[in-house]
Structure formats: C-alpha cells, structure tokens
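With mmCIF, N, CA and C atoms inside, this is structure00.cif:
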```
data_final
loop_
_atom_site.label_atom_id
_atom_site.label_comp_id
_atom_site.auth_asym_id
_atom_site.auth_seq_id
_atom_site.Cartn_x
_atom_site.Cartn_y
_atom_site.Cartn_z
N MET A 1 85.71 117.00 90.56
CA MET A 1 85.89 116.99 92.00
C MET A 1 87.38 117.12 92.31
N ILE A 2 87.77 118.15 93.02
CA ILE A 2 89.17 118.39 93.35
C ILE A 2 89.49 117.65 94.64
N ILE A 3 90.56 116.80 94.61
CA ILE A 3 90.94 116.10 95.83
C ILE A 3 92.23 116.62 96.43
N ASP A 4 93.03 117.30 95.65
CA ASP A 4 94.28 117.79 96.23
C ASP A 4 94.85 118.90 95.35
N PHE A 5 95.68 119.72 95.95
CA PHE A 5 96.39 120.76 95.22
C PHE A 5 97.85 120.63 95.60
N LYS A 6 98.71 120.44 94.62
CA LYS A 6 100.13 120.24 94.89
C LYS A 6 100.94 121.16 94.00
N CYS A 7 102.13 121.47 94.44
CA CYS A 7 103.07 122.25 93.65
C CYS A 7 104.32 121.38 93.46
N TYR A 8 104.72 121.14 92.22
CA TYR A 8 105.83 120.25 91.93
C TYR A 8 106.95 121.01 91.23
N ASN A 9 108.18 120.66 91.56
CA ASN A 9 109.35 121.15 90.83
C ASN A 9 109.72 120.07 89.83
N ILE A 10 109.62 120.38 88.55
CA ILE A 10 109.84 119.38 87.51
C ILE A 10 110.99 119.84 86.64
N PRO A 11 111.97 118.94 86.37
CA PRO A 11 113.12 119.35 85.55
C PRO A 11 112.68 119.70 84.13
N ASN A 12 113.18 120.82 83.66
CA ASN A 12 112.91 121.25 82.29
C ASN A 12 113.98 120.66 81.38
N GLY A 13 113.81 120.76 80.11
CA GLY A 13 114.76 120.20 79.16
C GLY A 13 116.13 120.85 79.22
N ASN A 14 116.22 122.10 79.64
CA ASN A 14 117.49 122.81 79.71
C ASN A 14 118.27 122.40 80.95
N LYS A 15 119.58 122.55 80.88
CA LYS A 15 120.43 122.14 82.00
C LYS A 15 120.13 122.96 83.25
N GLY A 16 119.90 122.27 84.33
CA GLY A 16 119.73 122.92 85.62
C GLY A 16 118.47 123.75 85.78
N GLU A 17 117.66 123.87 84.76
CA GLU A 17 116.46 124.69 84.84
C GLU A 17 115.30 123.82 85.30
N ARG A 18 114.47 124.34 86.19
CA ARG A 18 113.34 123.58 86.70
C ARG A 18 112.08 124.42 86.56
N LEU A 19 110.99 123.75 86.27
CA LEU A 19 109.70 124.41 86.19
C LEU A 19 108.94 124.15 87.47
N GLU A 20 108.35 125.17 88.02
CA GLU A 20 107.48 124.96 89.17
C GLU A 20 106.05 124.99 88.66
N ILE A 21 105.37 123.86 88.80
CA ILE A 21 104.04 123.70 88.22
C ILE A 21 103.06 123.35 89.32
N SER A 22 101.94 124.01 89.33
CA SER A 22 100.89 123.72 90.29
C SER A 22 99.81 122.90 89.60
N PHE A 23 99.34 121.86 90.29
CA PHE A 23 98.34 120.97 89.72
C PHE A 23 97.12 120.89 90.62
N PHE A 24 95.97 120.88 90.01
CA PHE A 24 94.76 120.45 90.68
C PHE A 24 94.59 119.00 90.25
N ILE A 25 94.65 118.10 91.18
CA ILE A 25 94.51 116.70 90.84
C ILE A 25 93.03 116.38 90.86
N LEU A 26 92.52 116.06 89.70
CA LEU A 26 91.09 115.84 89.55
C LEU A 26 90.80 114.35 89.57
N LEU A 27 89.68 114.00 90.17
CA LEU A 27 89.34 112.59 90.31
C LEU A 27 89.00 111.96 88.97
N SER A 28 88.11 112.56 88.19
CA SER A 28 87.67 111.91 86.97
C SER A 28 88.10 112.65 85.70
N PHE A 29 88.67 113.84 85.81
CA PHE A 29 89.00 114.62 84.63
C PHE A 29 90.49 114.64 84.33
N CYS A 30 91.27 113.83 85.03
CA CYS A 30 92.73 113.86 84.88
C CYS A 30 93.16 113.50 83.46
N SER A 31 92.44 112.60 82.82
CA SER A 31 92.86 112.16 81.48
C SER A 31 92.50 113.17 80.39
N ILE A 32 91.56 114.09 80.64
CA ILE A 32 91.17 115.03 79.59
C ILE A 32 91.82 116.40 79.74
N LEU A 33 92.68 116.58 80.74
CA LEU A 33 93.37 117.85 80.90
C LEU A 33 94.40 118.04 79.79
N PRO A 34 94.56 119.26 79.29
CA PRO A 34 95.57 119.49 78.25
C PRO A 34 96.96 119.59 78.88
N VAL A 35 97.54 118.44 79.24
CA VAL A 35 98.83 118.39 79.90
C VAL A 35 99.75 117.51 79.06
N GLU A 36 101.02 117.88 79.02
CA GLU A 36 102.01 117.09 78.29
C GLU A 36 102.04 115.67 78.87
N PRO A 37 102.04 114.62 78.03
CA PRO A 37 101.95 113.23 78.51
C PRO A 37 103.06 112.84 79.48
N ASN A 38 104.29 113.26 79.22
CA ASN A 38 105.40 112.91 80.12
C ASN A 38 105.21 113.55 81.49
N LEU A 39 104.68 114.76 81.50
CA LEU A 39 104.43 115.46 82.75
C LEU A 39 103.34 114.76 83.55
N LEU A 40 102.31 114.29 82.86
CA LEU A 40 101.22 113.58 83.52
C LEU A 40 101.71 112.27 84.12
N LYS A 41 102.60 111.57 83.42
CA LYS A 41 103.17 110.33 83.94
C LYS A 41 103.97 110.61 85.20
N LEU A 42 104.74 111.68 85.18
CA LEU A 42 105.55 112.05 86.34
C LEU A 42 104.68 112.36 87.55
N VAL A 43 103.59 113.08 87.33
CA VAL A 43 102.68 113.42 88.42
C VAL A 43 102.01 112.16 88.96
N ARG A 44 101.59 111.25 88.08
CA ARG A 44 100.96 110.01 88.54
C ARG A 44 101.93 109.16 89.34
N ARG A 45 103.20 109.10 88.91
CA ARG A 45 104.20 108.36 89.68
C ARG A 45 104.40 108.98 91.05
N ARG A 46 104.42 110.29 91.10
CA ARG A 46 104.60 111.01 92.36
C ARG A 46 103.45 110.72 93.31
N ILE A 47 102.24 110.70 92.78
CA ILE A 47 101.07 110.45 93.62
C ILE A 47 101.08 109.02 94.14
N LYS A 48 101.49 108.07 93.31
CA LYS A 48 101.49 106.67 93.71
C LYS A 48 102.51 106.40 94.80
N ARG A 49 103.60 107.17 94.86
CA ARG A 49 104.64 106.92 95.85
C ARG A 49 104.24 107.31 97.26
N LEU A 50 103.25 108.18 97.42
CA LEU A 50 102.83 108.58 98.76
C LEU A 50 102.01 107.45 99.37
N LYS A 51 102.50 106.93 100.50
CA LYS A 51 101.84 105.82 101.16
C LYS A 51 101.60 106.19 102.62
N ASN A 52 100.66 105.50 103.23
CA ASN A 52 100.35 105.72 104.64
C ASN A 52 101.24 104.82 105.50
N TYR A 53 101.77 105.41 106.56
CA TYR A 53 102.65 104.68 107.47
C TYR A 53 102.23 104.92 108.91
N GLU A 54 102.59 103.98 109.78
CA GLU A 54 102.44 104.12 111.22
C GLU A 54 103.82 103.93 111.84
N LEU A 55 104.22 104.88 112.67
CA LEU A 55 105.48 104.80 113.40
C LEU A 55 105.16 104.59 114.86
N VAL A 56 105.61 103.47 115.42
CA VAL A 56 105.43 103.20 116.84
C VAL A 56 106.77 103.44 117.51
N VAL A 57 106.79 104.31 118.50
CA VAL A 57 108.01 104.64 119.22
C VAL A 57 107.78 104.35 120.70
N ILE A 58 108.73 103.63 121.30
CA ILE A 58 108.68 103.36 122.75
C ILE A 58 109.83 104.13 123.38
N PHE A 59 109.46 105.13 124.18
CA PHE A 59 110.45 105.95 124.86
C PHE A 59 110.75 105.39 126.24
N ASP A 60 111.88 105.81 126.78
CA ASP A 60 112.27 105.46 128.14
C ASP A 60 111.21 106.01 129.10
N PRO A 61 110.65 105.19 130.00
CA PRO A 61 109.57 105.66 130.88
C PRO A 61 110.02 106.67 131.93
N SER A 62 111.32 106.77 132.16
CA SER A 62 111.80 107.72 133.16
C SER A 62 111.81 109.16 132.65
N LEU A 63 111.55 109.36 131.37
CA LEU A 63 111.53 110.71 130.80
C LEU A 63 110.30 111.48 131.27
N GLU A 64 110.47 112.77 131.48
CA GLU A 64 109.35 113.65 131.80
C GLU A 64 108.50 113.87 130.55
N GLU A 65 107.28 114.35 130.76
CA GLU A 65 106.36 114.61 129.64
C GLU A 65 106.94 115.63 128.67
N GLU A 66 107.61 116.65 129.20
CA GLU A 66 108.21 117.67 128.34
C GLU A 66 109.32 117.10 127.48
N ALA A 67 110.12 116.20 128.04
CA ALA A 67 111.22 115.58 127.29
C ALA A 67 110.68 114.68 126.18
N VAL A 68 109.59 113.97 126.47
CA VAL A 68 108.96 113.12 125.44
C VAL A 68 108.41 113.99 124.32
N ASP A 69 107.76 115.10 124.67
CA ASP A 69 107.22 116.01 123.65
C ASP A 69 108.34 116.62 122.80
N LYS A 70 109.47 116.92 123.43
CA LYS A 70 110.61 117.48 122.70
C LYS A 70 111.15 116.46 121.70
N GLU A 71 111.29 115.21 122.13
CA GLU A 71 111.78 114.16 121.23
C GLU A 71 110.78 113.89 120.11
N LEU A 72 109.50 113.94 120.45
CA LEU A 72 108.45 113.73 119.44
C LEU A 72 108.45 114.86 118.42
N SER A 73 108.71 116.09 118.87
CA SER A 73 108.77 117.22 117.93
C SER A 73 109.96 117.09 116.98
N LYS A 74 111.05 116.48 117.44
CA LYS A 74 112.19 116.22 116.55
C LYS A 74 111.80 115.26 115.43
N ILE A 75 111.04 114.22 115.81
CA ILE A 75 110.61 113.23 114.82
C ILE A 75 109.64 113.86 113.82
N THR A 76 108.66 114.62 114.32
CA THR A 76 107.68 115.22 113.41
C THR A 76 108.32 116.29 112.53
N SER A 77 109.30 117.03 113.06
CA SER A 77 109.97 118.02 112.22
C SER A 77 110.79 117.36 111.12
N LEU A 78 111.37 116.20 111.41
CA LEU A 78 112.08 115.45 110.38
C LEU A 78 111.12 115.00 109.29
N LEU A 79 109.95 114.52 109.71
CA LEU A 79 108.95 114.08 108.73
C LEU A 79 108.47 115.25 107.87
N GLU A 80 108.23 116.40 108.48
CA GLU A 80 107.78 117.56 107.73
C GLU A 80 108.88 118.09 106.80
N LYS A 81 110.13 117.99 107.25
CA LYS A 81 111.25 118.40 106.41
C LYS A 81 111.35 117.51 105.17
N GLU A 82 111.01 116.25 105.32
CA GLU A 82 111.03 115.30 104.20
C GLU A 82 109.71 115.32 103.41
N LYS A 83 108.88 116.33 103.65
CA LYS A 83 107.62 116.56 102.94
C LYS A 83 106.60 115.44 103.18
N CYS A 84 106.59 114.92 104.39
CA CYS A 84 105.56 113.97 104.79
C CYS A 84 104.48 114.73 105.53
N LYS A 85 103.30 114.18 105.54
CA LYS A 85 102.18 114.83 106.21
C LYS A 85 101.77 113.99 107.41
N VAL A 86 101.94 114.55 108.61
CA VAL A 86 101.56 113.85 109.84
C VAL A 86 100.05 114.03 110.01
N SER A 87 99.32 112.91 110.02
CA SER A 87 97.87 113.00 110.10
C SER A 87 97.36 112.88 111.54
N ASP A 88 98.05 112.11 112.38
CA ASP A 88 97.57 111.93 113.76
C ASP A 88 98.71 111.44 114.64
N ILE A 89 98.61 111.75 115.93
CA ILE A 89 99.57 111.26 116.92
C ILE A 89 98.78 110.70 118.09
N ASP A 90 99.02 109.43 118.42
CA ASP A 90 98.38 108.78 119.56
C ASP A 90 99.40 108.60 120.67
N LYS A 91 99.11 109.16 121.82
CA LYS A 91 99.98 108.96 122.98
C LYS A 91 99.31 107.95 123.90
N TRP A 92 99.89 106.77 123.99
CA TRP A 92 99.32 105.73 124.84
C TRP A 92 99.79 105.84 126.29
N GLY A 93 100.89 106.51 126.51
CA GLY A 93 101.41 106.64 127.86
C GLY A 93 102.30 105.46 128.24
N VAL A 94 102.53 105.31 129.53
CA VAL A 94 103.41 104.26 130.03
C VAL A 94 102.65 102.94 130.08
N ARG A 95 103.23 101.91 129.45
CA ARG A 95 102.65 100.56 129.44
C ARG A 95 103.74 99.56 129.80
N LYS A 96 103.31 98.42 130.28
CA LYS A 96 104.24 97.35 130.60
C LYS A 96 104.69 96.67 129.32
N LEU A 97 105.99 96.43 129.20
CA LEU A 97 106.55 95.75 128.03
C LEU A 97 106.37 94.24 128.17
N ALA A 98 106.30 93.54 127.07
CA ALA A 98 106.17 92.08 127.09
C ALA A 98 107.46 91.44 127.62
N TYR A 99 108.58 92.06 127.36
CA TYR A 99 109.88 91.60 127.88
C TYR A 99 110.73 92.84 128.10
N SER A 100 111.74 92.72 128.93
CA SER A 100 112.55 93.90 129.26
C SER A 100 113.43 94.29 128.08
N ILE A 101 113.50 95.60 127.85
CA ILE A 101 114.34 96.17 126.80
C ILE A 101 115.27 97.17 127.47
N LYS A 102 116.58 96.98 127.31
CA LYS A 102 117.58 97.85 127.93
C LYS A 102 117.32 97.99 129.43
N LYS A 103 117.01 96.87 130.06
CA LYS A 103 116.76 96.77 131.51
C LYS A 103 115.55 97.60 131.96
N GLN A 104 114.61 97.84 131.07
CA GLN A 104 113.38 98.57 131.39
C GLN A 104 112.20 97.61 131.29
N GLU A 105 111.31 97.68 132.26
CA GLU A 105 110.10 96.84 132.27
C GLU A 105 108.90 97.57 131.66
N ASN A 106 108.94 98.91 131.63
CA ASN A 106 107.86 99.73 131.09
C ASN A 106 108.40 100.62 129.98
N GLY A 107 107.48 101.16 129.18
CA GLY A 107 107.86 102.07 128.11
C GLY A 107 106.75 103.05 127.82
N TYR A 108 107.10 104.23 127.33
CA TYR A 108 106.14 105.26 126.97
C TYR A 108 105.84 105.12 125.48
N TYR A 109 104.63 104.67 125.15
CA TYR A 109 104.25 104.38 123.77
C TYR A 109 103.66 105.61 123.07
N ILE A 110 104.11 105.85 121.84
CA ILE A 110 103.54 106.88 120.98
C ILE A 110 103.44 106.32 119.57
N ILE A 111 102.29 106.56 118.92
CA ILE A 111 102.10 106.14 117.54
C ILE A 111 101.88 107.39 116.69
N VAL A 112 102.67 107.51 115.63
CA VAL A 112 102.58 108.64 114.71
C VAL A 112 102.08 108.11 113.36
N TYR A 113 100.96 108.64 112.90
CA TYR A 113 100.40 108.27 111.60
C TYR A 113 100.79 109.35 110.60
N PHE A 114 101.41 108.94 109.48
CA PHE A 114 101.82 109.91 108.48
C PHE A 114 101.76 109.28 107.10
N ASN A 115 101.77 110.14 106.08
CA ASN A 115 101.90 109.64 104.71
C ASN A 115 103.05 110.36 104.03
N GLY A 116 103.74 109.61 103.18
CA GLY A 116 104.89 110.17 102.51
C GLY A 116 105.52 109.14 101.59
N GLU A 117 106.70 109.47 101.11
CA GLU A 117 107.43 108.59 100.21
C GLU A 117 108.18 107.54 101.02
N SER A 118 108.53 106.46 100.36
CA SER A 118 109.22 105.36 101.05
C SER A 118 110.66 105.71 101.40
N GLY A 119 111.24 106.69 100.75
CA GLY A 119 112.62 107.06 101.02
C GLY A 119 112.87 107.65 102.39
N VAL A 120 111.84 108.17 103.01
CA VAL A 120 112.00 108.80 104.33
C VAL A 120 112.19 107.75 105.43
N ILE A 121 111.79 106.52 105.18
CA ILE A 121 111.83 105.48 106.20
C ILE A 121 113.26 105.17 106.64
N SER A 122 114.18 105.11 105.70
CA SER A 122 115.57 104.82 106.06
C SER A 122 116.18 105.92 106.94
N GLU A 123 115.89 107.18 106.62
CA GLU A 123 116.40 108.29 107.43
C GLU A 123 115.76 108.29 108.82
N LEU A 124 114.47 108.01 108.88
CA LEU A 124 113.76 107.93 110.16
C LEU A 124 114.32 106.80 111.01
N ASP A 125 114.60 105.68 110.39
CA ASP A 125 115.17 104.53 111.08
C ASP A 125 116.56 104.87 111.63
N ARG A 126 117.36 105.54 110.82
CA ARG A 126 118.72 105.91 111.25
C ARG A 126 118.70 106.86 112.45
N ILE A 127 117.84 107.87 112.38
CA ILE A 127 117.76 108.85 113.46
C ILE A 127 117.26 108.20 114.76
N ASN A 128 116.27 107.32 114.65
CA ASN A 128 115.72 106.68 115.84
C ASN A 128 116.68 105.68 116.46
N LYS A 129 117.53 105.06 115.67
CA LYS A 129 118.53 104.13 116.22
C LYS A 129 119.59 104.88 117.02
N ILE A 130 119.91 106.08 116.59
CA ILE A 130 120.93 106.88 117.28
C ILE A 130 120.42 107.40 118.62
N ASN A 131 119.14 107.74 118.70
CA ASN A 131 118.56 108.35 119.89
C ASN A 131 118.52 107.35 121.04
N GLU A 132 119.22 107.66 122.13
CA GLU A 132 119.30 106.76 123.28
C GLU A 132 118.04 106.79 124.14
N LYS A 133 117.19 107.79 123.95
CA LYS A 133 115.96 107.89 124.73
C LYS A 133 114.86 107.00 124.18
N ILE A 134 115.07 106.46 122.98
CA ILE A 134 114.10 105.56 122.37
C ILE A 134 114.52 104.12 122.62
N LEU A 135 113.63 103.36 123.26
CA LEU A 135 113.93 101.95 123.51
C LEU A 135 113.76 101.13 122.23
N ARG A 136 112.63 101.31 121.54
CA ARG A 136 112.35 100.61 120.29
C ARG A 136 111.50 101.50 119.39
N HIS A 137 111.57 101.22 118.10
CA HIS A 137 110.70 101.89 117.15
C HIS A 137 110.41 100.92 116.00
N LEU A 138 109.30 101.15 115.34
CA LEU A 138 108.91 100.31 114.22
C LEU A 138 108.04 101.14 113.26
N VAL A 139 108.35 101.07 111.98
CA VAL A 139 107.55 101.74 110.96
C VAL A 139 106.86 100.66 110.15
N VAL A 140 105.54 100.79 110.04
CA VAL A 140 104.72 99.82 109.32
C VAL A 140 103.90 100.55 108.28
N LYS A 141 103.81 99.97 107.07
CA LYS A 141 102.95 100.53 106.05
C LYS A 141 101.51 100.20 106.41
N SER A 142 100.68 101.22 106.44
CA SER A 142 99.29 101.06 106.86
C SER A 142 98.41 100.80 105.66
N ASP A 143 97.36 99.99 105.85
CA ASP A 143 96.41 99.71 104.78
C ASP A 143 95.35 100.79 104.65
N GLU A 144 95.14 101.56 105.71
CA GLU A 144 94.09 102.58 105.71
C GLU A 144 94.46 103.72 104.79
N SER A 145 93.46 104.30 104.08
CA SER A 145 93.73 105.43 103.20
C SER A 145 93.44 106.72 103.89
#
```
Whole structure given in structure tokens:
Amino acid sequence: MIIDFKCYNIPNGNKGERLEISFFILLSFCSILPVEPNLLKLVRRRIKRLKNYELVVIFDPSLEEEAVDKELSKITSLLEKEKCKVSDIDKWGVRKLAYSIKKQENGYYIIVYFNGESGVISELDRINKINEKILRHLVVKSDES
C-alpha cells in the first residue's frame, strides 16, 4: 500500500555531490526493500520530523478582506517555501478578544493547519512578530494526524 511519494536530495560520499532519490514509502514493505541501510535510516528520520501544526493568527480588525488575504498569502507562501504542506485554512472572522491587545477590542481570527519540520516554527514566529498587522499569533503542535 503506497502512502506517499517523495523526492529527497541526499548527500553522496563525494564532496559536494548529491543524489536525488525518489521513494515510494510503503506501509508494510519498507523493511524488505533493497535499499542501503543508512539511506533507509535517513528517510525514516525525515518522515518522523514532519509534524502537524496549527497556526492561529489574530489580525487587526480594521483591515479589509483583501488586505487580510494578502497577509495570509505571505504566511502560506513562507510555509510552502519551507516545504510545509498547508492542509486547511479556517477563517473565523472578527471576534471579540478576551482582553484588549494593542488597544483593540476585536480581532480577525484565522487558523492555518499545516505539517512540516520543526525548524520552520522559528522563522514563522520571527516573521509574524515583525508584521504590525498581526495582533497575536500562536503555533501549536496538533495531535491529529
């Protein structure tokens, strides 16, 4: 049973040379494939690093719908550039905040569901802190597969 098809760049033994290898990741036949053991370990480590995340972003409620979509596309393009897969986007719209943030009583809530490596979280956090149109953001590791 094939569950995924991936293409990996794996360093070869020679300096600076890389092999591009395509894998069919099989559910029950992975151990019987004629693959070099070190390569199989590398692929298993790569697969284990992909985790599900939820990104909650609260935008300034005074933004127009087009401006919110533009900011959201910046976030999703960053995720795609970092080889993350965006699975779903929930737009909750304008909601009342529990307490005021940056003198705002309301916020435009958006939840982005994605899976990827843990290294992307620090870059996502840095970019969202710089953006003045975002009141708050939070990335949480999701239990759902």
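Proximity ranking of A:Leu79, A:Ile134, A:Lys85, A:Val68 relative to Ser122 in chain A places A:Leu79 first, based on only C-alpha atoms.
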ask   = So how many Å separate atom C of Ile110 in chain A and atom N of Leu50 in chain A, to one decimal?
value =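 That distance, rounded to one decimal, is 22.2 Å.
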query = So how many Å separate CA of Asp90 in chain A and atom N of Val112 in chain A, to one decimal?
reply =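 Interatomic distance here is 6.0 Å.
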message = Neighbouring residues of Cys84 in chain A were defined as those with any atom within 6.5 Å, considering all atoms listed in the file; residues of the same chain fewer than 4 positions away were excluded. Please report them as a ChimeraX atom specification.
response = /A:79-80,114-117
request  = Step by step, work through what the PyMOL selection byres (((chain A and resi 113 and name CA) around 6) and name CA) selects in the shown file, and finish by giving those residues as a ChimeraX atom specification.
outcome  = /A:53-54,86-88,112,114
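Between atom N of Val140 in chain A and atom N of Gly119 in chain A the interatomic distance comes to 12.4 Å.
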key: Selection result of the PyMOL selection byres ((chain A and resi 106) around 5) on this file, as a ChimeraX atom specification   = /A:95-97,104-105,107-108
message = Since I can't run it myself right now, could you work out what the PyMOL selection byres (((chain A and resi 138 and name CA) around 8) and name CA) selects here and report it as a ChimeraX atom specification?
response = /A:55-57,136-137,139-140
Around all of range 69-82 of chain A's listed atoms, make the axis-aligned box with 4 Å on each side and tell me centre and edge lengths in Å to one decimal, as lines of an AutoDock Vina configuration file.
```
center_x = 109.7
center_y = 115.8
center_z = 114.0
size_x = 13.0
size_y = 13.2
size_z = 29.3
```
message = I'd like the contact shell of Val120 in chain A - 10 Å cut-off, only C-alpha atoms, skipping same-chain residues fewer than 5 positions apart - returned as a PyMOL selection string.
response = chain A and resi 78-79+81-84+125
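Candidate residues A:Ile75, A:Asn52, A:Asn128, A:Lys91 were compared for distance to Ser142 in chain A, and the nearest is A:Asn52, using all atoms listed in the file.
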